[in-house]
Amino acid sequence: MEAHPRPAARTGAGQPRISGTRRTLLLGGAAIAGNTALAARLWQLQVVESDTYRVQAAQNRARTRPIQPLRGLIFDRNREPLVANAPVFSVWLRPGDLPPEREGPVLANLAVLSGERLEDLQFKLNQARTTPDTPARLARAVPRESALTIEERRHDLPGIIVRTGTRREYAHGDVFGHILGFTGPIPAEEVEGYRRQGVRFDEDIGLAGVERSLQTQLRGRDGEQRLEADAFGRTLNELSFRPPQVGQHAVLTIALNEQKAIREILARHLALRDRGAGAAVVLRPDSGDVVAMVSLPDYDSNIFTRGASSESFALLVSDPRRPLINHAISGLYPPGSTYKVIAASGALEAGVVLPQSKIHCGGRLILPSGWAFDDWLPQGHGLVDLERAIAESCNIYFYNVSGGNPYTRLQGLGNRRLAEFERSFGFGERTGIDLPGEASGLVPTSEWKNKNLQQPWVTGDTYHAAIGQGLVQVTPLQIASMYAAIGNGGRVMRPRLIDRMLDQHGNVAERTAPRVRSVLPISDDHLRLLQSGLYRAVNEPSGTGPRARSSHTVVAGKTGTAEYSGLRDAEGRLPSHAWFAGYAPAEQPQYAFAVLVRDGGEGSFAAAPIARDIVDYLMTGDMPPLPQERPDFISPDQRL
Amino acid sequence: MLLRLARIEWAIVVSTIALVAFGVLMLSTTADPGANGLQNQAVQKAILGAVGLGFAFAMAQIDYRALHGVAVPLYLAGVLALVMVLLVGDFDLGARRWFEVGSIVIQPSEFMKVAAVVAFAKYLADRRGSTQSFRTVMVSLGLMLIPAGLIFLQPDLGTALIFGAIWIAMVFVAGARWWHLLMPVAIALAAFPFAWFFAQDYMRQRFVTFLDPSSDPLGAGYNVLQARISIGSGSWFGHGLGQGSQSQLEFLRVRDTDFIFAMLGEQLGLAGTVGLLAFFTLLIVQALVIGLRARDMFGRLLAVGIAAMIFTQSFVNIGMNVGLMPVTGITLPLVSLGKNSLLVTLLSVGILLSIHAHRGAAPFRQQSMHVVRGSLPAAGPRGGLGR
């Protein structure tokens, strides 16, 4: 081994050879191999996989902060702002920072400073205690002075945070409550859904009305600020900034003055009754534009965003008339006689009757099974043709043409075909108005009755459906839409509430075009017969709707008295909702309307005068006289 | 004097200076901007490096064989210091590893490394003829286990293991039989399942983290992962001195000591890391060459021990930075912040220079005794060496 001395050994020539040369060289080789392995690994990290690590390093240092845009505004048809974003100071509490033993004095102080009730604060704090690190809002909106005072006394108020933000302030919150709706905190069960749309959990979102249906457009899109942050989360520089996309502004088809006046008209008439409730919808027949939409009693949008006092809120919630619900689109009622035009048009189109065919009305129709079906006029209307049947609202005529008559062998339209015509007028489905919570109503069929009530369909059901009683359920908006279609020549329009969306500079971002939902399957001649019947209902002495006659224009329309199950009166009559629906002017309709007085009794007395006042106002722009100042005024009490 | 300097092994000096310079450069990029002059860690390191290098040159003038005489007291003093530090050392971060004397921190385990190298070299060189005997191996193992065990108790497992590595390298070169060396390794491997069973949770955690750092990115694996990101993002030439978000924004922790290599990787890229690796390789290879050229076994073993000391530390530290080794808390010799380590390593370099400078010096008195004693079996062509 050492016979051939290594260089190392040679340097020590003349000295004793020393051992371990080979093994030392081996160690050297091992060291070089080890370091070569490290170098290979470095190649892998710094060349082969470098891109991956660069991305990770970039993610490490960047913190993104969303910049919330200002919520878009809502204007009336004439660009009158209906809502503003008001600066607001809210008071928050991080429960973990408030020692329990200081709770009492801090809350007491805060109650004085914020004007909130101590019990409310205590309640909110108790709820917030479950998540000690998440700030909870104690007061939505405190006055500026109070906010400054709270801020100054922060040292006495551990855990209390004052934040600035904006609050929706509705310029005519009382008039537009049901239309605009309001904003508020996201309901717990919807937080996840909104989070996926990029909405923060503590944001206010639209909870009702247009605020809700246009939530996405009104909100806009978050901007983003990317900040460079160190390992401890301290931010250093701005890396990039993308400004938020400000929410779009909405322009309604409704004009403030008209909405306000029509609400006032309805309110005046309802005020004559104890706990009166009702709804009125006015549309433009040609475009489907909503001119006014009122549901009374209603609410002021501002109480939700200002923070309603517990009492007023409790009052709203406990009122049996349910003022929080927009009954014009969400309330379901039997339509009564306003519905008769459907059976009429169906019978004509199906050839069940000819326009001039006369049917005898003796005031009562008794089926072989023994069931009796009455007319509203006990002595009957005699021989009536279609126009007169509409004008005088003869029930017997519509029983005959819809369900048939076993004695005269008249084949009626039948349930199935009647239901088809009901649907062609837009019933049984939502109109598609840009408002949340619209009801679709019910077009009853034998299948539906079998399935839901486990009862067979009988002729009486068809009779009832023809006169808008029994199982039929509609919304006032659907009725208004039907009369708009009759008035405009047969087009069922989608009610249009949003005229256009504007960008932040006021330019039109999106215009919502009028949309035809369907065209009535009725010939022009037959449609003219219906129109004529509606004209005569208001303008002929024998018609049911003389109280809808306007001194400024010619009104066409139909009364409705829709009985519903409830307590019968002294004479054994069921309670009823009062309807009047129609259009004006009769020749060239500019407005179509539906008026409902809930539990109002007869349509001709309770609803027709309201329609007349609305038409008078729309035609002249002047407020009509109070109902009780009219010579033909009959108070509801006298009627009863 | 010129003559003396001519005997200096310049490759060693150059690589040493280069490695210290890397460290100064890195520390200068993380120094507190408010720290001026002597407050600045980079300046401190540069000064200490210069002083240490001066010591090394001075050391080169002294015959390394003087260490032979002081090996025993040096070793005993080191062991005593280790006992003392366990008893009265400063308790910091859950361990007793150093004394604080005023503003100076003394870390006995660092000095013990050199003391142990000297002691092993003396013992093994003295027992030249019987290094193949089991007894010699076991006694030297005992010499290693005493300081290693004391350091393990601090606790500082990483440094304790460095002693094992130094010992294996030196006993190997001294001529121990393969199976004598392999046995402790085999026992250690066989004991692993039992050790795993009895190990503390944090130890197991470290091992798991080593195998897969992303298993716990915010906890135990954080440093490993951040080091890898730092190095990887450096690419070919790095982000430049003082640049690099990972180290500048302190995502990379312990960047001045354990993970200074990762900082280098981020700022200077592959060029920097491989350059540093090249200087380490040069230093280690030169140390071994000095060992090969040493005039006696004591010198050779000293050089091998020092080479092993520097190599294992750098290999374990860099291996940890690139995710090839578990996290042990071993710093990068000459480069990292530690002053004790820097001084001890430079002192070791001084010993290397001395071995080199005195490779042709007159035989040492005790050495000649060994020659007499050890030359007989080595006289034959196949005698002694390399067996």
# chains A, B, ... in the order shown; residues from 1 in each chain; ligands from 1
>>> residues_around(residues="stretch 164-174 of chain B", least_positions_apart="6", cutoff="10 Å", atoms="only C-alpha atoms", output="number ranges by chain")
A: 18-27; B: 113, 116-117, 120-121, 124-125, 127-132, 136-137, 140-141, 143-145, 148, 180-182, 184-185, 297-298, 300-313, 385-387
>>> closest_atom_pairs(of="stretch 309-371 of chain A", to="stretch 445-462 of chain A", cutoff="10 Å", atoms="only C-alpha atoms", output="JSON lines")
{"residue": "A:Ala343", "atom": "CA", "partner": "A:Thr462", "partner_atom": "CA", "distance": 9.9}
{"residue": "A:Leu367", "atom": "CA", "partner": "A:Gly460", "partner_atom": "CA", "distance": 8.7}
{"residue": "A:Trp371", "atom": "CA", "partner": "A:Gly460", "partner_atom": "CA", "distance": 8.0}
>>> write_last_selection(atoms="C-alpha atoms", output="mmCIF file, in the first residue's frame")
data_model
loop_
_atom_site.group_PDB
_atom_site.id
_atom_site.type_symbol
_atom_site.label_atom_id
_atom_site.label_comp_id
_atom_site.auth_asym_id
_atom_site.auth_seq_id
_atom_site.Cartn_x
_atom_site.Cartn_y
_atom_site.Cartn_z
ATOM 1 C CA ALA A 343 -113.897 33.693 -19.599
ATOM 2 C CA LEU A 367 -127.152 22.408 -11.044
ATOM 3 C CA TRP A 371 -125.785 23.200 -5.874
#
>>> residues_around(residues="B:Gly319", least_positions_apart="3", cutoff="12 Å", atoms="only C-alpha atoms", output="NGL selection string")
(:A and (34-42)) or (:B and (210 or 224 or 227-228 or 258-259 or 261-262 or 277 or 311-316 or 322-332))
>>> write_last_selection(atoms="C-alpha atoms", output="PDB file, in the first residue's frame")
ATOM      1  CA  GLY A  34     -21.288  16.037  -0.541  1.00  0.00           C
ATOM      2  CA  ASN A  35     -20.806  19.590  -1.711  1.00  0.00           C
ATOM      3  CA  THR A  36     -21.509  18.574  -5.291  1.00  0.00           C
ATOM      4  CA  ALA A  37     -24.795  17.110  -4.132  1.00  0.00           C
ATOM      5  CA  LEU A  38     -25.592  20.437  -2.455  1.00  0.00           C
ATOM      6  CA  ALA A  39     -24.734  22.274  -5.655  1.00  0.00           C
ATOM      7  CA  ALA A  40     -27.033  19.987  -7.605  1.00  0.00           C
ATOM      8  CA  ARG A  41     -29.801  20.693  -5.166  1.00  0.00           C
ATOM      9  CA  LEU A  42     -29.158  24.427  -5.534  1.00  0.00           C
TER      10      LEU A  42
ATOM     11  CA  PHE B 210     -37.800  17.693   7.643  1.00  0.00           C
ATOM     12  CA  VAL B 224     -37.666  25.501   6.184  1.00  0.00           C
ATOM     13  CA  ALA B 227     -35.709  29.313   3.359  1.00  0.00           C
ATOM     14  CA  ARG B 228     -36.543  27.243   0.323  1.00  0.00           C
ATOM     15  CA  ASP B 258     -29.114  29.477  10.838  1.00  0.00           C
ATOM     16  CA  PHE B 259     -30.565  30.734   7.587  1.00  0.00           C
ATOM     17  CA  PHE B 261     -27.322  30.883   3.483  1.00  0.00           C
ATOM     18  CA  ALA B 262     -30.932  31.284   2.350  1.00  0.00           C
ATOM     19  CA  LEU B 277     -19.891  26.284  -1.779  1.00  0.00           C
ATOM     20  CA  PHE B 311     -17.269  20.340   6.477  1.00  0.00           C
ATOM     21  CA  THR B 312     -19.913  18.779   8.714  1.00  0.00           C
ATOM     22  CA  GLN B 313     -21.058  22.150   9.981  1.00  0.00           C
ATOM     23  CA  SER B 314     -21.283  23.706   6.549  1.00  0.00           C
ATOM     24  CA  PHE B 315     -22.850  20.608   5.024  1.00  0.00           C
ATOM     25  CA  VAL B 316     -25.469  20.270   7.747  1.00  0.00           C
ATOM     26  CA  VAL B 322     -31.999  23.615   0.990  1.00  0.00           C
ATOM     27  CA  GLY B 323     -34.207  21.063   2.729  1.00  0.00           C
ATOM     28  CA  LEU B 324     -31.866  18.086   2.518  1.00  0.00           C
ATOM     29  CA  MET B 325     -31.167  17.979   6.263  1.00  0.00           C
ATOM     30  CA  PRO B 326     -33.370  18.362   9.321  1.00  0.00           C
ATOM     31  CA  VAL B 327     -33.327  21.613  11.262  1.00  0.00           C
ATOM     32  CA  THR B 328     -30.582  21.357  13.870  1.00  0.00           C
ATOM     33  CA  GLY B 329     -29.559  24.908  14.674  1.00  0.00           C
ATOM     34  CA  ILE B 330     -26.023  24.461  13.325  1.00  0.00           C
ATOM     35  CA  THR B 331     -24.659  27.757  12.027  1.00  0.00           C
ATOM     36  CA  LEU B 332     -22.595  28.236   8.902  1.00  0.00           C
TER      37      LEU B 332
END
>>> select_by_dssp(residues="stretch 46-123 of chain A", states="strand (DSSP E or B)", output="MDAnalysis selection string")
chainID A and resid 62:67 74:75 81 83:93
>>> select_by_dssp(residues="stretch 19-243 of chain B", states="helix (DSSP H, G or I)", output="JSON, numbers by chain")
{"B": [19, 20, 21, 22, 23, 24, 25, 26, 27, 28, 29, 30, 37, 38, 39, 41, 42, 43, 44, 45, 46, 47, 48, 49, 50, 51, 52, 53, 54, 55, 56, 57, 58, 59, 60, 61, 66, 67, 68, 69, 70, 71, 72, 73, 74, 75, 76, 77, 78, 79, 80, 81, 82, 83, 84, 85, 86, 87, 88, 108, 109, 110, 111, 112, 113, 114, 115, 116, 117, 118, 119, 120, 121, 122, 123, 124, 125, 126, 128, 129, 130, 134, 135, 136, 137, 138, 139, 140, 141, 142, 143, 144, 145, 146, 147, 148, 149, 150, 151, 152, 157, 158, 159, 160, 161, 162, 163, 164, 165, 166, 167, 168, 169, 170, 171, 172, 173, 174, 178, 179, 180, 181, 182, 183, 184, 185, 186, 187, 188, 189, 190, 191, 192, 193, 194, 195, 196, 197, 198, 201, 202, 203, 204, 205, 206, 207, 208, 209, 210, 211, 213, 214, 215, 222, 223, 224, 225, 226, 227, 228, 229, 230, 231, 232, 233, 234]}
>>> residues_around(residues="A:Pro625", least_positions_apart="4", cutoff="12 Å", atoms="only C-alpha atoms", output="PyMOL selection string")
chain A and resi 264-265+268-269+609-610+612-614+616-617+629-631+633
>>> atom_distance(atom1="atom CA of A:Phe425", atom2="atom CA of A:Arg517")
9.4 Å
>>> closest_residue(among="B:Leu53, B:Ile17, B:Ile12, B:Ala176", to="chain A", atoms="only C-alpha atoms")
B:Ala176
>>> closest_residue(among="B:Thr345, B:Gln226, B:Ser235, B:Asn321", to="chain A", atoms="only C-alpha atoms")
B:Ser235
>>> closest_residue(among="A:Gly165, A:Pro368, A:Gly29, A:Pro135", to="chain B", atoms="only C-alpha atoms")
A:Gly29
>>> residues_around(residues="A:Ser542", least_positions_apart="4", cutoff="9 Å", atoms="only C-alpha atoms", output="mmCIF file with N, CA and C atoms, in the first residue's frame")
data_model
loop_
_atom_site.group_PDB
_atom_site.id
_atom_site.type_symbol
_atom_site.label_atom_id
_atom_site.label_comp_id
_atom_site.auth_asym_id
_atom_site.auth_seq_id
_atom_site.Cartn_x
_atom_site.Cartn_y
_atom_site.Cartn_z
ATOM 1 N N ARG A 388 -123.101 43.217 -22.495
ATOM 2 C CA ARG A 388 -123.906 43.575 -21.321
ATOM 3 C C ARG A 388 -123.475 42.767 -20.110
ATOM 4 N N ALA A 391 -120.612 44.557 -18.789
ATOM 5 C CA ALA A 391 -120.989 45.863 -18.253
ATOM 6 C C ALA A 391 -121.739 45.710 -16.936
ATOM 7 N N GLU A 392 -122.621 44.721 -16.893
ATOM 8 C CA GLU A 392 -123.450 44.585 -15.682
ATOM 9 C C GLU A 392 -122.903 43.509 -14.756
ATOM 10 N N ARG A 536 -118.803 50.254 -21.385
ATOM 11 C CA ARG A 536 -120.206 50.346 -20.948
ATOM 12 C C ARG A 536 -120.330 50.126 -19.443
ATOM 13 N N ALA A 537 -119.450 49.298 -18.877
ATOM 14 C CA ALA A 537 -119.508 49.060 -17.427
ATOM 15 C C ALA A 537 -119.367 50.369 -16.655
ATOM 16 N N VAL A 538 -118.597 51.293 -17.202
ATOM 17 C CA VAL A 538 -118.383 52.556 -16.491
ATOM 18 C C VAL A 538 -119.360 53.623 -16.959
ATOM 19 N N PRO A 546 -120.165 53.094 -12.400
ATOM 20 C CA PRO A 546 -120.356 54.534 -12.668
ATOM 21 C C PRO A 546 -119.505 55.424 -11.758
#
